[in-house]
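S.K.: My questions will all concern the structure given below.
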Amino acid sequence: MTLRRRLYLILSPDERGGLLERIFEIALIVTIILNIVAIVLDSIPSIHKEYAVLFDEFEIYSVVFFTLEYIARVYSIVEDSRFRHPVRGRLRYVKTPIAIIDLLAIIPFFIEFLTIDLRFLRIFRLMALFRMFKIARYLHALKIFRSVLRDRKEQLVLSFIFVLFVLVVISFIMFYVENEAQPEKFSSIPETMWWGIATLTTVGYGDVVPITSLGKFLGGIFAIASVGLLALPAGILSSGFFEMLHKGPVSKTTKVCPHCGKKIDN
């Protein structure tokens, strides 16, 4: 077995099987979790002041670890049949979402060596948060979630479009009901949409509220209706998870309806 093939088997979570693969998987997950903890703790001024050197040393270790991992993945990815070509295959891989996340996890460290505006630099430091997304390739639950989103994307898009339509309608109605009484808060339909969003999501910040009798009545109806409205995408996701988790293995001889996905008895 070549070194490149061995690297690919170690780095690929779908093909791990030995002790070395398991050790690398655990080391990567632990490093990612420690990075998340470090980002949180480093934001506390007292802890940052006392352990600044430790945070810097851990950052250097993390960047070296993730950089070597990224280089190894790009080097060994040609072992995957989808990226077989040594040049075009690697270029196609580095444009995949998971490879972009891997790159964004290490870019902030190298950007600091450039002479650029410090305010711009802070934006790149936020990219360190992408390190937590690297763990996605090792969590089976996230793979199930991705599969559910892919299978139910049409229903989810339709439900969100419907929610947006309702938001525009209630904002339109409330604008004409409350504009005369509160011209500074309900000054336009886009401004009224802030109230509509707070109402539909049942958050109700209270900074913009109707004061007329009709406005209060309609606001109450909209608030009650929003509870059921937001249950649409939640119901779609929950049914998708239920089907995904309880889906039994389908034999090769089993026929499946191409429209509804149900099994057809022979």
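Identifiers in this document derive from the order of the structure tokens: chains are assigned A, B, ..., residues are numbered from 1 separately in each chain, and ligands are numbered from 1 in order of occurrence.
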Taking only residues of segment 22-42 of chain A that have an atom at most 12 Å from an atom of segment 89-108 of chain A, what is each one's shortest atom pair and its distance in Å to one decimal, using only C-alpha atoms, in chain and number order, as a tab-separated table?
M.R.:
```
residue	atom	partner	partner_atom	distance
A:Ile32	CA	A:Ala105	CA	10.2
A:Asn35	CA	A:Ala105	CA	10.5
A:Ile36	CA	A:Ala105	CA	11.8
```
S.K.: So that I can check the surroundings of segment 7-11 of chain A, please list as a list in words every protein, DNA and RNA residue that reaches within 10 Å of it, counting only C-alpha atoms and ignoring chain neighbours fewer than 4 positions away.
M.R.: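 Final neighbour list, sorted by chain and number: Thr2, Leu3, Glu15, Arg16, Gly17, Gly18, Leu19, Leu20, Glu21, Arg22, Ile23, Phe24, Glu25, Leu28, Glu69, Tyr70, Ala72, Arg73, Val74, Tyr75, Ser76, Ile77, Val78, Glu79 and Asp80 of chain A.
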S.K.: Can I get the selected residues back with C-alpha atoms, as a short mmCIF file (atom, residue, chain, number, x, y, z; two decimals), in the first residue's frame?
M.R.:
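Output file part-v6.cif follows:
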```cif
data_model
loop_
_atom_site.label_atom_id
_atom_site.label_comp_id
_atom_site.auth_asym_id
_atom_site.auth_seq_id
_atom_site.Cartn_x
_atom_site.Cartn_y
_atom_site.Cartn_z
CA THR A 2 1.37 3.42 -0.97
CA LEU A 3 1.82 6.29 1.47
CA GLU A 15 -13.13 3.99 5.44
CA ARG A 16 -11.44 3.92 8.84
CA GLY A 17 -10.96 0.49 10.30
CA GLY A 18 -7.66 0.32 12.13
CA LEU A 19 -6.13 1.64 15.31
CA LEU A 20 -4.26 4.44 13.53
CA GLU A 21 -7.44 5.71 11.92
CA ARG A 22 -9.23 5.70 15.26
CA ILE A 23 -6.38 7.55 16.99
CA PHE A 24 -6.37 10.29 14.34
CA GLU A 25 -10.14 10.64 14.49
CA LEU A 28 -8.92 15.62 15.51
CA GLU A 69 -4.27 17.82 7.78
CA TYR A 70 -5.42 20.08 4.93
CA ALA A 72 -2.56 15.69 3.49
CA ARG A 73 -6.19 15.68 2.37
CA VAL A 74 -5.43 17.58 -0.84
CA TYR A 75 -2.47 15.31 -1.52
CA SER A 76 -4.31 12.01 -0.93
CA ILE A 77 -7.73 12.93 -2.32
CA VAL A 78 -6.85 11.53 -5.75
CA GLU A 79 -7.37 8.09 -4.19
CA ASP A 80 -11.07 8.95 -4.30
#
```
S.K.: DSSP on the backbone: which residues in segment 1-105 of chain A end up as helix (DSSP H, G or I)? Give the answer as a PyMOL selection string.
M.R.: chain A and resi 3-11+19-42+45-50+52-79+81-83+88-94+97-104
S.K.: If we count only C-alpha atoms and set the cut-off at 8 Å, which residues sit around Val163 of chain A, ignoring sequence neighbours fewer than 3 positions away in its own chain? Please answer as a PyMOL selection string.
M.R.: chain A and resi 159-160+166-167+229-230
S.K.: As an exercise, work out the distance from atom CA of Val209 of chain A to atom CA of Trp194 of chain A in Å and give it to one decimal place.
M.R.: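 Those two atoms sit 10.4 Å apart.
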S.K.: Can you tell me how far atom CA of Phe83 of chain A sits from atom CA of Thr67 of chain A, in Å to one decimal?
M.R.: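 We find that atom CA of Phe83 of chain A and atom CA of Thr67 of chain A lie 20.4 Å from each other.
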S.K.: Can you pull out every residue within 12 Å of Phe162 of chain A, counting only C-alpha atoms, but drop anything in the same chain fewer than 5 positions away, and send it as a PDB file with C-alpha atoms, in the first residue's frame?
M.R.:
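part24.pdb, freshly written:
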```
ATOM      1  CA  GLN A 155     -41.184  21.242   1.165  1.00  0.00           C
ATOM      2  CA  LEU A 156     -38.948  23.430   3.334  1.00  0.00           C
ATOM      3  CA  VAL A 157     -38.506  26.034   0.610  1.00  0.00           C
ATOM      4  CA  LEU A 167     -45.176  38.219   6.845  1.00  0.00           C
ATOM      5  CA  VAL A 168     -45.741  40.643   3.974  1.00  0.00           C
ATOM      6  CA  VAL A 169     -49.538  40.374   4.316  1.00  0.00           C
ATOM      7  CA  SER A 226     -47.978  32.216  14.004  1.00  0.00           C
ATOM      8  CA  LEU A 229     -47.462  28.663  11.029  1.00  0.00           C
ATOM      9  CA  LEU A 230     -43.946  28.105  12.357  1.00  0.00           C
ATOM     10  CA  LEU A 232     -44.833  23.828   9.329  1.00  0.00           C
ATOM     11  CA  PRO A 233     -41.038  23.559   8.830  1.00  0.00           C
TER      12      PRO A 233
END
```
